[in-house]
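Here is the file input-v3.txt (compact mmCIF, C-alpha atoms and all ligand atoms).
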```txt
# COMPACT_ATOMS: atom_id res chain seq x y z
CA MET N 1 0.00 0.00 0.00
CA SER N 2 1.47 3.37 -0.95
CA ILE N 3 -1.31 5.73 0.09
CA SER N 4 -0.64 7.55 3.36
CA PRO N 5 -2.92 6.98 6.35
CA LEU N 6 -3.82 10.69 6.11
CA MET N 7 -5.67 10.99 2.80
CA PRO N 8 -3.14 12.82 0.64
CA VAL N 9 -5.32 15.80 -0.35
CA TYR N 10 -2.91 18.38 1.11
CA PRO N 11 0.62 18.94 -0.17
CA ARG N 12 1.87 19.17 3.43
CA CYS N 13 5.19 20.87 4.03
CA GLY N 14 8.00 19.90 6.40
CA VAL N 15 6.85 22.18 9.24
CA ARG N 16 5.30 19.91 11.88
CA PRO N 17 4.03 22.08 14.74
CA VAL N 18 3.47 20.49 18.11
CA ARG N 19 3.07 23.57 20.30
CA GLY N 20 1.98 27.19 20.05
CA GLU N 21 3.01 30.17 22.15
CA HIS N 22 1.27 33.50 21.48
CA CYS N 23 2.43 34.39 17.93
CA HIS N 24 4.88 31.51 17.50
CA LEU N 25 4.61 27.87 16.52
CA ILE N 26 7.16 25.34 17.72
CA ASP N 27 8.01 22.43 15.49
CA GLU N 28 8.61 18.78 16.41
CA ASP N 29 12.36 19.40 16.32
CA GLY N 30 12.15 22.62 18.37
CA THR N 31 12.32 25.17 15.53
CA ARG N 32 10.35 28.36 16.29
CA TYR N 33 8.29 29.96 13.56
CA LEU N 34 6.68 33.39 13.61
CA ASP N 35 3.06 32.66 12.76
CA PHE N 36 1.62 35.38 10.54
CA ALA N 37 -0.77 32.87 8.98
CA SER N 38 -2.80 32.22 12.14
CA GLY N 39 -4.15 28.91 10.87
CA ILE N 40 -5.49 30.97 7.93
CA ALA N 41 -7.15 33.79 9.87
CA VAL N 42 -8.30 31.49 12.67
CA ASN N 43 -6.09 31.96 15.73
CA LEU N 44 -6.99 35.58 16.31
CA LEU N 45 -6.02 35.42 19.99
CA GLY N 46 -2.75 33.71 19.07
CA HIS N 47 -1.81 30.34 20.50
CA SER N 48 -2.30 29.19 24.10
CA HIS N 49 -4.46 32.18 25.05
CA ALA N 50 -5.25 31.76 28.74
CA GLY N 51 -8.84 33.07 28.54
CA LEU N 52 -9.77 30.82 25.64
CA ILE N 53 -8.11 27.76 27.19
CA GLY N 54 -9.84 28.41 30.52
CA ALA N 55 -13.26 28.74 28.90
CA ILE N 56 -12.86 25.49 26.96
CA GLN N 57 -11.46 23.64 29.99
CA ARG N 58 -14.28 24.75 32.28
CA GLN N 59 -16.92 23.80 29.71
CA ALA N 60 -15.27 20.44 28.94
CA GLU N 61 -15.39 19.58 32.62
CA THR N 62 -19.05 20.64 32.92
CA LEU N 63 -20.80 19.53 29.74
CA MET N 64 -19.18 18.80 26.40
CA HIS N 65 -22.02 17.84 24.13
CA VAL N 66 -25.78 17.55 24.12
CA SER N 67 -28.22 17.14 21.26
CA ASN N 68 -30.05 20.03 19.62
CA LEU N 69 -33.22 18.22 20.76
CA TYR N 70 -32.70 20.06 24.06
CA GLY N 71 -32.70 23.69 25.02
CA SER N 72 -29.32 25.41 24.73
CA PRO N 73 -28.51 28.07 27.32
CA GLN N 74 -24.98 28.31 25.89
CA GLY N 75 -26.20 28.68 22.31
CA GLU N 76 -28.84 31.23 23.28
CA GLU N 77 -26.24 33.35 25.01
CA LEU N 78 -23.81 33.42 22.07
CA ALA N 79 -26.59 33.88 19.51
CA ALA N 80 -27.95 36.82 21.52
CA LYS N 81 -24.48 38.34 21.60
CA LEU N 82 -24.07 38.00 17.80
CA VAL N 83 -27.56 39.43 17.26
CA GLU N 84 -26.72 42.37 19.54
CA LYS N 85 -23.46 43.10 17.71
CA THR N 86 -24.56 42.63 14.08
CA PHE N 87 -27.32 43.22 11.52
CA ALA N 88 -28.78 39.79 12.29
CA ASP N 89 -31.90 38.70 14.16
CA THR N 90 -31.15 34.99 14.27
CA VAL N 91 -28.19 32.57 14.13
CA PHE N 92 -27.63 28.94 13.07
CA PHE N 93 -24.43 27.38 14.43
CA THR N 94 -22.32 25.09 12.25
CA ASN N 95 -19.00 23.27 12.57
CA SER N 96 -17.15 24.96 9.72
CA GLY N 97 -17.11 27.77 7.22
CA ALA N 98 -18.39 25.66 4.34
CA GLU N 99 -21.36 24.57 6.43
CA ALA N 100 -22.09 28.19 7.30
CA VAL N 101 -22.11 29.02 3.58
CA GLU N 102 -24.31 25.97 2.90
CA CYS N 103 -26.81 27.32 5.39
CA ALA N 104 -26.64 30.74 3.72
CA ILE N 105 -27.38 29.13 0.33
CA LYS N 106 -30.27 27.13 1.79
CA ALA N 107 -31.70 30.19 3.55
CA ALA N 108 -31.55 32.25 0.33
CA ARG N 109 -33.36 29.54 -1.62
CA ALA N 110 -35.87 28.89 1.15
CA TYR N 111 -36.66 32.61 1.34
CA HIS N 112 -38.02 32.42 -2.20
CA GLN N 113 -39.55 28.95 -1.84
CA HIS N 114 -41.55 30.15 1.14
CA GLU N 115 -45.32 30.31 0.61
CA ASP N 116 -45.16 34.10 0.14
CA GLY N 117 -42.17 33.83 -2.16
CA ASN N 118 -41.32 33.25 -5.77
CA PRO N 119 -40.13 29.65 -6.17
CA GLU N 120 -38.68 30.41 -9.60
CA ARG N 121 -35.90 32.33 -7.90
CA THR N 122 -33.41 29.52 -7.33
CA GLU N 123 -30.15 30.89 -8.72
CA LEU N 124 -27.44 32.64 -6.79
CA ILE N 125 -25.01 34.92 -8.56
CA THR N 126 -21.47 34.43 -7.27
CA PHE N 127 -18.14 35.90 -8.35
CA THR N 128 -14.91 35.05 -10.09
CA ASN N 129 -12.03 33.81 -7.93
CA ALA N 130 -14.37 33.37 -4.98
CA PHE N 131 -13.72 30.75 -2.34
CA HIS N 132 -16.65 29.46 -0.31
CA GLY N 133 -15.43 26.06 0.91
CA ARG N 134 -15.03 22.51 -0.34
CA THR N 135 -18.46 20.88 -0.10
CA MET N 136 -20.36 20.19 -3.32
CA ALA N 137 -22.55 23.30 -2.96
CA THR N 138 -19.68 25.58 -2.03
CA ILE N 139 -17.39 24.44 -4.86
CA SER N 140 -20.35 24.88 -7.20
CA ALA N 141 -20.62 28.45 -5.92
CA SER N 142 -17.09 29.19 -7.15
CA ASN N 143 -16.03 29.46 -10.78
CA GLN N 144 -12.60 27.97 -10.01
CA GLU N 145 -12.13 24.98 -12.27
CA LYS N 146 -9.28 23.56 -10.17
CA MET N 147 -11.78 22.88 -7.37
CA HIS N 148 -14.32 21.27 -9.74
CA LYS N 149 -11.99 18.86 -11.47
CA GLY N 150 -12.94 15.25 -10.71
CA PHE N 151 -16.10 16.17 -8.79
CA LYS N 152 -18.69 16.78 -11.49
CA PRO N 153 -21.60 17.14 -11.80
CA LEU N 154 -21.74 20.37 -9.88
CA LEU N 155 -24.82 21.52 -8.05
CA ALA N 156 -27.09 23.57 -10.31
CA GLY N 157 -28.18 27.10 -9.49
CA PHE N 158 -25.05 29.25 -9.61
CA GLN N 159 -24.03 31.87 -12.10
CA TYR N 160 -20.67 33.59 -12.04
CA ALA N 161 -20.05 37.26 -12.63
CA GLU N 162 -16.75 39.11 -12.54
CA PHE N 163 -15.83 40.14 -9.00
CA ASP N 164 -16.19 43.84 -8.27
CA ASN N 165 -17.95 44.48 -11.58
CA LEU N 166 -21.44 45.76 -10.81
CA GLU N 167 -22.53 45.92 -14.44
CA ALA N 168 -21.60 42.26 -14.93
CA ALA N 169 -23.65 41.30 -11.86
CA LYS N 170 -26.59 43.41 -12.99
CA ALA N 171 -26.53 41.82 -16.44
CA LEU N 172 -27.09 38.37 -14.92
CA VAL N 173 -30.12 39.33 -12.81
CA GLY N 174 -33.25 37.72 -14.21
CA PRO N 175 -36.52 36.04 -13.16
CA LYS N 176 -34.63 33.06 -11.72
CA THR N 177 -32.20 35.07 -9.60
CA ALA N 178 -32.42 34.39 -5.87
CA GLY N 179 -29.63 36.73 -4.80
CA PHE N 180 -25.90 37.24 -4.52
CA LEU N 181 -23.25 35.41 -2.54
CA VAL N 182 -20.04 37.41 -2.17
CA GLU N 183 -16.95 37.87 -0.02
CA PRO N 184 -16.75 41.61 0.75
CA ILE N 185 -12.99 41.07 0.88
CA GLN N 186 -11.81 38.05 -1.08
CA GLY N 187 -9.36 35.97 0.94
CA GLU N 188 -8.13 32.98 -1.09
CA GLY N 189 -8.64 35.10 -4.22
CA GLY N 190 -5.80 37.39 -3.10
CA ILE N 191 -6.97 39.78 -0.34
CA ARG N 192 -9.11 41.82 -2.68
CA PRO N 193 -11.54 44.26 -1.07
CA ALA N 194 -14.67 44.90 -3.13
CA SER N 195 -15.29 48.55 -3.96
CA GLN N 196 -17.91 50.58 -2.14
CA ALA N 197 -19.85 51.07 -5.39
CA PHE N 198 -19.99 47.32 -5.98
CA ILE N 199 -21.27 46.43 -2.51
CA SER N 200 -23.75 49.34 -2.43
CA GLY N 201 -24.86 48.44 -5.94
CA LEU N 202 -25.54 44.80 -5.01
CA ARG N 203 -27.58 45.99 -2.02
CA ALA N 204 -29.61 48.29 -4.27
CA LEU N 205 -30.25 45.47 -6.77
CA CYS N 206 -31.44 43.22 -3.93
CA ASP N 207 -33.76 45.90 -2.59
CA GLU N 208 -35.15 46.61 -6.04
CA HIS N 209 -35.84 42.97 -7.00
CA ASP N 210 -36.46 41.42 -3.56
CA LEU N 211 -33.27 39.34 -3.72
CA MET N 212 -31.09 38.01 -0.92
CA LEU N 213 -27.67 39.57 -0.31
CA ALA N 214 -25.48 36.93 1.34
CA PHE N 215 -21.97 37.82 2.51
CA ASP N 216 -19.30 35.20 3.06
CA GLU N 217 -17.29 36.69 5.92
CA VAL N 218 -15.69 33.40 6.89
CA GLN N 219 -12.22 34.89 6.40
CA CYS N 220 -12.72 38.65 6.71
CA GLY N 221 -15.08 38.54 9.70
CA VAL N 222 -14.58 38.54 13.47
CA ALA N 223 -12.47 41.66 14.07
CA ARG N 224 -9.86 40.75 11.42
CA THR N 225 -10.34 44.04 9.54
CA GLY N 226 -10.77 46.28 12.58
CA LYS N 227 -14.56 45.98 12.54
CA LEU N 228 -16.37 43.02 14.03
CA TYR N 229 -17.55 42.29 10.47
CA ALA N 230 -16.18 43.74 7.25
CA TYR N 231 -19.64 44.82 5.99
CA GLU N 232 -19.50 47.62 8.57
CA HIS N 233 -16.74 49.29 6.52
CA TYR N 234 -19.22 49.60 3.68
CA GLY N 235 -22.20 50.67 5.75
CA VAL N 236 -24.14 47.97 3.88
CA ALA N 237 -25.86 45.19 5.81
CA PRO N 238 -26.45 41.82 4.16
CA ASP N 239 -29.59 39.73 4.61
CA ILE N 240 -27.57 36.61 5.36
CA MET N 241 -23.94 36.15 6.42
CA ALA N 242 -21.60 33.19 6.91
CA THR N 243 -18.92 33.44 9.58
CA ALA N 244 -16.37 30.91 10.89
CA LYS N 245 -12.54 30.79 11.06
CA GLY N 246 -11.75 33.41 13.74
CA ILE N 247 -15.07 32.96 15.55
CA GLY N 248 -13.75 30.04 17.64
CA GLY N 249 -10.17 31.30 17.90
CA GLY N 250 -9.07 27.79 16.90
CA PHE N 251 -12.03 25.79 18.15
CA PRO N 252 -13.79 24.58 15.00
CA PHE N 253 -17.17 26.17 14.49
CA GLY N 254 -19.07 28.61 12.32
CA ALA N 255 -22.42 30.33 12.05
CA CYS N 256 -24.97 31.55 9.57
CA LEU N 257 -26.57 34.85 10.58
CA ALA N 258 -29.75 36.21 9.06
CA THR N 259 -32.41 38.85 9.42
CA GLU N 260 -35.85 37.68 10.48
CA LYS N 261 -37.12 38.29 6.96
CA ALA N 262 -34.29 36.36 5.30
CA ALA N 263 -34.77 33.41 7.65
CA ARG N 264 -38.47 33.04 6.95
CA GLY N 265 -37.92 29.73 5.14
CA MET N 266 -35.82 28.23 7.94
CA GLY N 267 -38.56 26.86 10.19
CA PHE N 268 -38.79 23.74 12.33
CA GLY N 269 -37.21 20.71 10.75
CA THR N 270 -35.76 22.48 7.71
CA HIS N 271 -32.10 22.30 8.70
CA GLY N 272 -29.87 20.82 11.37
CA SER N 273 -26.49 19.65 12.59
CA THR N 274 -25.63 17.14 15.29
CA TYR N 275 -22.67 19.06 16.67
CA GLY N 276 -23.66 22.56 15.54
CA GLY N 277 -23.71 24.93 18.49
CA ASN N 278 -22.55 22.40 21.03
CA PRO N 279 -21.64 23.75 24.50
CA LEU N 280 -17.90 23.43 23.96
CA ALA N 281 -18.00 25.46 20.76
CA MET N 282 -20.27 28.03 22.40
CA ALA N 283 -17.84 28.44 25.31
CA ALA N 284 -14.99 29.06 22.86
CA GLY N 285 -17.15 31.51 20.92
CA MET N 286 -18.15 33.46 24.03
CA ALA N 287 -14.50 33.73 25.09
CA VAL N 288 -13.55 35.07 21.65
CA MET N 289 -16.46 37.52 21.58
CA ASP N 290 -15.63 38.73 25.09
CA ALA N 291 -12.08 39.42 23.92
CA VAL N 292 -12.72 41.04 20.54
CA ALA N 293 -16.26 42.42 20.34
CA ASN N 294 -15.55 45.73 22.03
CA ASP N 295 -14.51 49.15 20.76
CA GLU N 296 -11.12 49.13 22.50
CA PHE N 297 -10.00 45.86 20.93
CA LEU N 298 -11.31 46.82 17.49
CA ALA N 299 -9.59 50.22 17.67
CA GLU N 300 -6.34 48.45 18.49
CA VAL N 301 -6.69 46.15 15.49
CA THR N 302 -7.29 49.20 13.31
CA ALA N 303 -4.25 51.02 14.70
CA LYS N 304 -2.03 47.94 14.39
CA GLY N 305 -3.28 47.37 10.86
CA GLU N 306 -2.34 50.93 9.93
CA ARG N 307 1.14 50.56 11.44
CA LEU N 308 1.73 47.22 9.73
CA ARG N 309 0.48 48.52 6.42
CA ALA N 310 2.61 51.69 6.57
CA ARG N 311 5.69 49.58 7.27
CA LEU N 312 4.81 47.17 4.46
CA GLU N 313 4.38 50.06 2.01
CA GLN N 314 7.78 51.38 3.01
CA PHE N 315 9.34 47.91 2.81
CA ILE N 316 8.12 47.10 -0.69
CA GLY N 317 9.74 50.32 -1.94
CA ASN N 318 13.09 48.62 -1.31
CA TYR N 319 12.21 45.72 -3.60
CA PRO N 320 10.30 47.16 -6.55
CA GLU N 321 11.27 44.14 -8.67
CA LEU N 322 9.47 41.77 -6.25
CA PHE N 323 6.42 43.62 -4.94
CA GLU N 324 3.68 45.57 -6.64
CA LEU N 325 1.38 46.78 -3.88
CA VAL N 326 -0.17 46.27 -0.47
CA ARG N 327 -3.91 45.77 -0.14
CA GLY N 328 -6.48 44.73 2.42
CA LYS N 329 -7.95 46.11 5.62
CA GLY N 330 -6.93 46.01 9.26
CA LEU N 331 -4.84 42.90 9.89
CA MET N 332 -6.05 41.19 6.71
CA LEU N 333 -3.26 42.31 4.42
CA GLY N 334 -1.90 41.09 1.12
CA LEU N 335 1.35 41.78 -0.69
CA LYS N 336 0.74 41.51 -4.40
CA MET N 337 3.94 40.34 -6.00
CA LYS N 338 5.34 40.95 -9.46
CA VAL N 339 6.70 37.42 -9.46
CA GLU N 340 5.07 34.17 -8.39
CA SER N 341 4.17 34.46 -4.70
CA ARG N 342 4.21 30.76 -3.82
CA PRO N 343 7.98 30.14 -4.09
CA PHE N 344 8.64 33.29 -2.04
CA PHE N 345 6.20 32.10 0.63
CA VAL N 346 8.07 28.75 0.73
CA HIS N 347 11.41 30.59 0.98
CA LEU N 348 10.18 32.68 3.94
CA ARG N 349 8.90 29.56 5.66
CA ASP N 350 11.83 27.24 5.08
CA ASN N 351 14.75 29.66 5.23
CA HIS N 352 13.51 32.38 7.57
CA GLN N 353 10.98 30.60 9.82
CA LEU N 354 8.24 33.05 8.85
CA LEU N 355 4.78 31.65 8.20
CA THR N 356 2.48 33.52 5.82
CA VAL N 357 -0.07 32.18 3.32
CA ALA N 358 0.04 32.23 -0.45
CA ALA N 359 -3.14 33.29 -2.22
CA GLY N 360 -4.49 33.84 -5.71
CA ASP N 361 -3.32 36.68 -7.95
CA ASN N 362 0.30 36.16 -6.77
CA THR N 363 -0.49 37.57 -3.39
CA LEU N 364 1.22 36.80 -0.11
CA ARG N 365 -1.29 36.89 2.73
CA VAL N 366 -0.16 38.53 5.97
CA LEU N 367 -2.61 37.42 8.66
CA PRO N 368 -1.05 37.88 12.11
CA PRO N 369 -2.92 36.95 15.25
CA LEU N 370 -4.90 40.06 16.24
CA VAL N 371 -2.96 40.10 19.51
CA ALA N 372 0.38 40.54 17.69
CA ASP N 373 2.03 43.85 18.47
CA ASP N 374 5.11 45.90 17.68
CA ALA N 375 7.57 43.30 19.02
CA GLU N 376 6.12 40.70 16.63
CA PHE N 377 5.92 43.27 13.82
CA ASP N 378 9.64 44.02 14.34
CA GLU N 379 10.42 40.32 14.15
CA PHE N 380 8.22 40.02 11.06
CA PHE N 381 10.10 42.77 9.24
CA ASP N 382 13.48 41.34 10.27
CA LYS N 383 12.49 38.03 8.71
CA LEU N 384 10.74 39.53 5.70
CA SER N 385 13.68 41.84 4.91
CA ALA N 386 16.20 39.03 5.30
CA GLY N 387 13.94 36.86 3.13
CA ALA N 388 13.64 39.45 0.37
CA ALA N 389 17.38 40.20 0.45
CA SER N 390 18.30 36.52 0.12
CA TYR N 391 15.68 35.69 -2.51
CA THR N 392 16.50 34.59 -6.03
CA VAL N 393 13.45 34.40 -8.26
CA PRO N 394 13.26 30.84 -9.64
CA GLN N 395 13.79 30.80 -13.42
CA ALA N 396 10.81 29.54 -15.36
CA ALA N 397 11.51 26.10 -16.81
C1 LIG Z 401 -12.02 29.22 4.63
C2 LIG Z 401 -13.20 29.78 3.93
C3 LIG Z 401 -14.38 29.03 3.76
C4 LIG Z 401 -14.49 27.57 4.16
O1 LIG Z 401 -14.33 27.39 5.52
P1 LIG Z 401 -14.07 25.89 6.07
O2 LIG Z 401 -14.09 26.06 7.56
O3 LIG Z 401 -12.72 25.49 5.53
O4 LIG Z 401 -15.14 25.02 5.56
C5 LIG Z 401 -15.46 29.65 3.16
N1 LIG Z 401 -15.40 30.92 2.75
C6 LIG Z 401 -14.28 31.67 2.88
C7 LIG Z 401 -14.30 33.10 2.43
C8 LIG Z 401 -13.15 31.12 3.46
O5 LIG Z 401 -12.03 31.86 3.56
```
Using the file provided, produce a representation of the structure as structure tokens.
Ligand SMILES: *Cc1c(COP(=O)(O)O)cnc(C)c1O
Amino acid sequence: MSISPLMPVYPRCGVRPVRGEHCHLIDEDGTRYLDFASGIAVNLLGHSHAGLIGAIQRQAETLMHVSNLYGSPQGEELAAKLVEKTFADTVFFTNSGAEAVECAIKAARAYHQHEDGNPERTELITFTNAFHGRTMATISASNQEKMHKGFKPLLAGFQYAEFDNLEAAKALVGPKTAGFLVEPIQGEGGIRPASQAFISGLRALCDEHDLMLAFDEVQCGVARTGKLYAYEHYGVAPDIMATAKGIGGGFPFGACLATEKAARGMGFGTHGSTYGGNPLAMAAGMAVMDAVANDEFLAEVTAKGERLRARLEQFIGNYPELFELVRGKGLMLGLKMKVESRPFFVHLRDNHQLLTVAAGDNTLRVLPPLVADDAEFDEFFDKLSAGAASYTVPQAA
């Protein structure tokens, strides 16, 4: 047998972390890495955060799991907190980002298939280079062929328009359109913030035609951009929103948020999840919300994001042959490179013990824990500068 016990779907690298300390990961052989990937925008409180550990420990000792057949004091508390802090009136808890997007897709369809609705409206318009997860529905919601290959047929009911192109989106709206599903700031696509005109325009189209505006904030949500959710930057509320990644600070869970109107199709028995919203996840979520959902913390993320960005802008000026520009918001930043970003990301990781994430459009994602501060930023620039200085662009074969 040559297949590995771990199904070989990831091209795993040689870094094998066994421990985390604040903004560092420690490898099996003791090597320390500066973690500016944060488990891909997940570990927003860094590693081994005492408050988060304590909350999970206390809950694990008290009650780890019960069925959604019973009342959920823990779920009610976190849902009420999310409702208080966002556009939403109601929350469905999931175990992952893809499941949160699945729920958003189902809610958008069910809105129109409700008795007062228009059941013809079954199609969601989604956008080029989007990433919504790896389930059948969420790969169908992306136009990226590399995620479709080998898994056809796709789920019907998605149309793709060019990201950030309002006219292209408008041109696809027809009698079958149910709404839009969009990342306000694309993550995997290369840290690309949508323009104000695009987001406002989608909202206007939804209002005009009674369509659902669903935001995928799985990556850009939960304080990452200096607002609790990125839609606040635009002053445009969605009808439905998927959130995950940072929401558990490393504990795996997600949520689908919706207005009362948008959730009208999601009645008793329409949807469910065995683990979704279990007490352990809710304890992690409350600890994260307690830490990040306040003006002081959010203002700090904004200020740190501005400092990091200013330093990045200055830095790239030293290497005009490598870097084109800096983009993003808060501590969700991307360095768009003039050369392939993936080999440079590997070089930083393997030769300078700096963890970042490669993304589409030759972008290097810089996603520090939100608790990183100037000491970690100094270390980051030491490593990044050394990495850029020692880098030789691989010659194309
Ligand atoms: C990561 C991500 C997802 C999928 O989340 P999983 O937890 O991996 O299922 C969906 N949407 C966006 C924008 C993401 O970044």
- Task: Find the residue from N:Val366, N:Ala242, N:Ala283, N:Ala386 that sits nearest to ligand LIG 401 (chain Z); use only C-alpha atoms and all ligand atoms when measuring.
- Result: N:Ala242
- Task: List all protein, DNA and RNA residues that have any atom at most 7 Å from ligand LIG 401 (chain Z), counting all atoms listed in the file, and write the list as number ranges by chain.
- Result: N: 96-99, 101, 131-134, 183, 186-188, 216-219, 244-245
Saved selection, atoms kept: C-alpha atoms, as a short mmCIF file (atom, residue, chain, number, x, y, z; two decimals), keeping the file's coordinate frame:
```cif
data_model
loop_
_atom_site.label_atom_id
_atom_site.label_comp_id
_atom_site.auth_asym_id
_atom_site.auth_seq_id
_atom_site.Cartn_x
_atom_site.Cartn_y
_atom_site.Cartn_z
CA SER N 96 -17.15 24.96 9.72
CA GLY N 97 -17.11 27.77 7.22
CA ALA N 98 -18.39 25.66 4.34
CA GLU N 99 -21.36 24.57 6.43
CA VAL N 101 -22.11 29.02 3.58
CA PHE N 131 -13.72 30.75 -2.34
CA HIS N 132 -16.65 29.46 -0.31
CA GLY N 133 -15.43 26.06 0.91
CA ARG N 134 -15.03 22.51 -0.34
CA GLU N 183 -16.95 37.87 -0.02
CA GLN N 186 -11.81 38.05 -1.08
CA GLY N 187 -9.36 35.97 0.94
CA GLU N 188 -8.13 32.98 -1.09
CA ASP N 216 -19.30 35.20 3.06
CA GLU N 217 -17.29 36.69 5.92
CA VAL N 218 -15.69 33.40 6.89
CA GLN N 219 -12.22 34.89 6.40
CA ALA N 244 -16.37 30.91 10.89
CA LYS N 245 -12.54 30.79 11.06
#
```
- Query: Got a sec: who's within 12 Å of region 89-91 of chain N, counting all atoms listed in the file, leaving out chain neighbours fewer than 4 positions off, as a PyMOL selection string?
  - Reply: chain N and resi 75-85+100+103-104+107+238-243+254-264+266-267+276-277
- Hey, can you pull every residue with an atom no more than 8 Å from (-18.0, 34.5, -7.7), using all atoms listed in the file, and send it as a ChimeraX atom specification? /N:125-131,141-143,159-163,181-182
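The shell of residues at most 12 Å from region 5-13 of chain N, with all atoms listed in the file counted and near chain neighbours (fewer than 5 positions) removed, consists of Asp27, Arg134, Met147, Phe345, Val346, His347, Arg349, Asp350 and Leu355 of chain N.
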- Note on the structure: Between N:Ala358, N:Gly249, N:Ile139, N:Leu367, smallest distance to Met286 (chain N) by only C-alpha atoms belongs to N:Gly249
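Across the model, the gap from CA of His47 (chain N) to CA of Arg309 (chain N) is 23.1 Å.
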At most 9 Å is the cut-off: for each residue in region 25-103 of chain N with any atom that close to an atom of region 290-303 of chain N, write down the nearest atom pair and the distance in Å rounded to one decimal, counting only C-alpha atoms, chain first then increasing number, as CSV.
```
residue,atom,partner,partner_atom,distance
N:Leu44,CA,N:Val292,CA,9.0
N:Leu45,CA,N:Ala291,CA,8.3
N:Gly51,CA,N:Ala291,CA,8.5
N:Lys85,CA,N:Ala293,CA,7.7
```
Write a file of the just-selected residues containing C-alpha atoms, as a compact mmCIF listing (two decimals), keeping the file's coordinate frame.
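Output file result23.txt follows:
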```
# COMPACT_ATOMS: atom_id res chain seq x y z
CA LEU N 44 -6.99 35.58 16.31
CA LEU N 45 -6.02 35.42 19.99
CA GLY N 51 -8.84 33.07 28.54
CA LYS N 85 -23.46 43.10 17.71
```
- Identify, on the basis of only C-alpha atoms, every residue whose closest approach to Arg342 (chain N) does not exceed 12 Å; exclude the query and any residue fewer than 3 positions from it along the same chain; express the result as a list of chain:residue names. N:Leu335, N:Lys336, N:Met337, N:Lys338, N:Val339, N:Phe345, N:Val346, N:His347, N:Leu348, N:Arg349, N:Thr356, N:Val357, N:Ala358, N:Ala359, N:Gly360, N:Asp361, N:Asn362, N:Thr363, N:Leu364, N:Arg365, N:Val393, N:Pro394
- Query: Which is closest to Gly387 (chain N) among N:Ala37, N:Leu354, N:Met212, N:Ala137, if we use only C-alpha atoms?
  - Reply: N:Leu354
- Could you tell me how far CA of Val222 (chain N) lies from CA of Met289 (chain N), in Å and to one decimal? 8.4 Å
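Remark: for Leu34 (chain N), the closest of the candidate residues N:Val66, N:Ala60, N:Ala372, N:Ala284 is N:Ala372 (distances computed over all atoms listed in the file).
Interatomic distance, CA of Glu28 (chain N) to CA of Gln353 (chain N): 13.7 Å.
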- Message: Neighbouring residues of Leu312 (chain N) were defined as those with any atom within 9 Å, considering all atoms listed in the file; residues of the same chain fewer than 3 positions away were excluded. Please report them as a ChimeraX atom specification.
- Response: /N:307-309,315-317,326,335,381
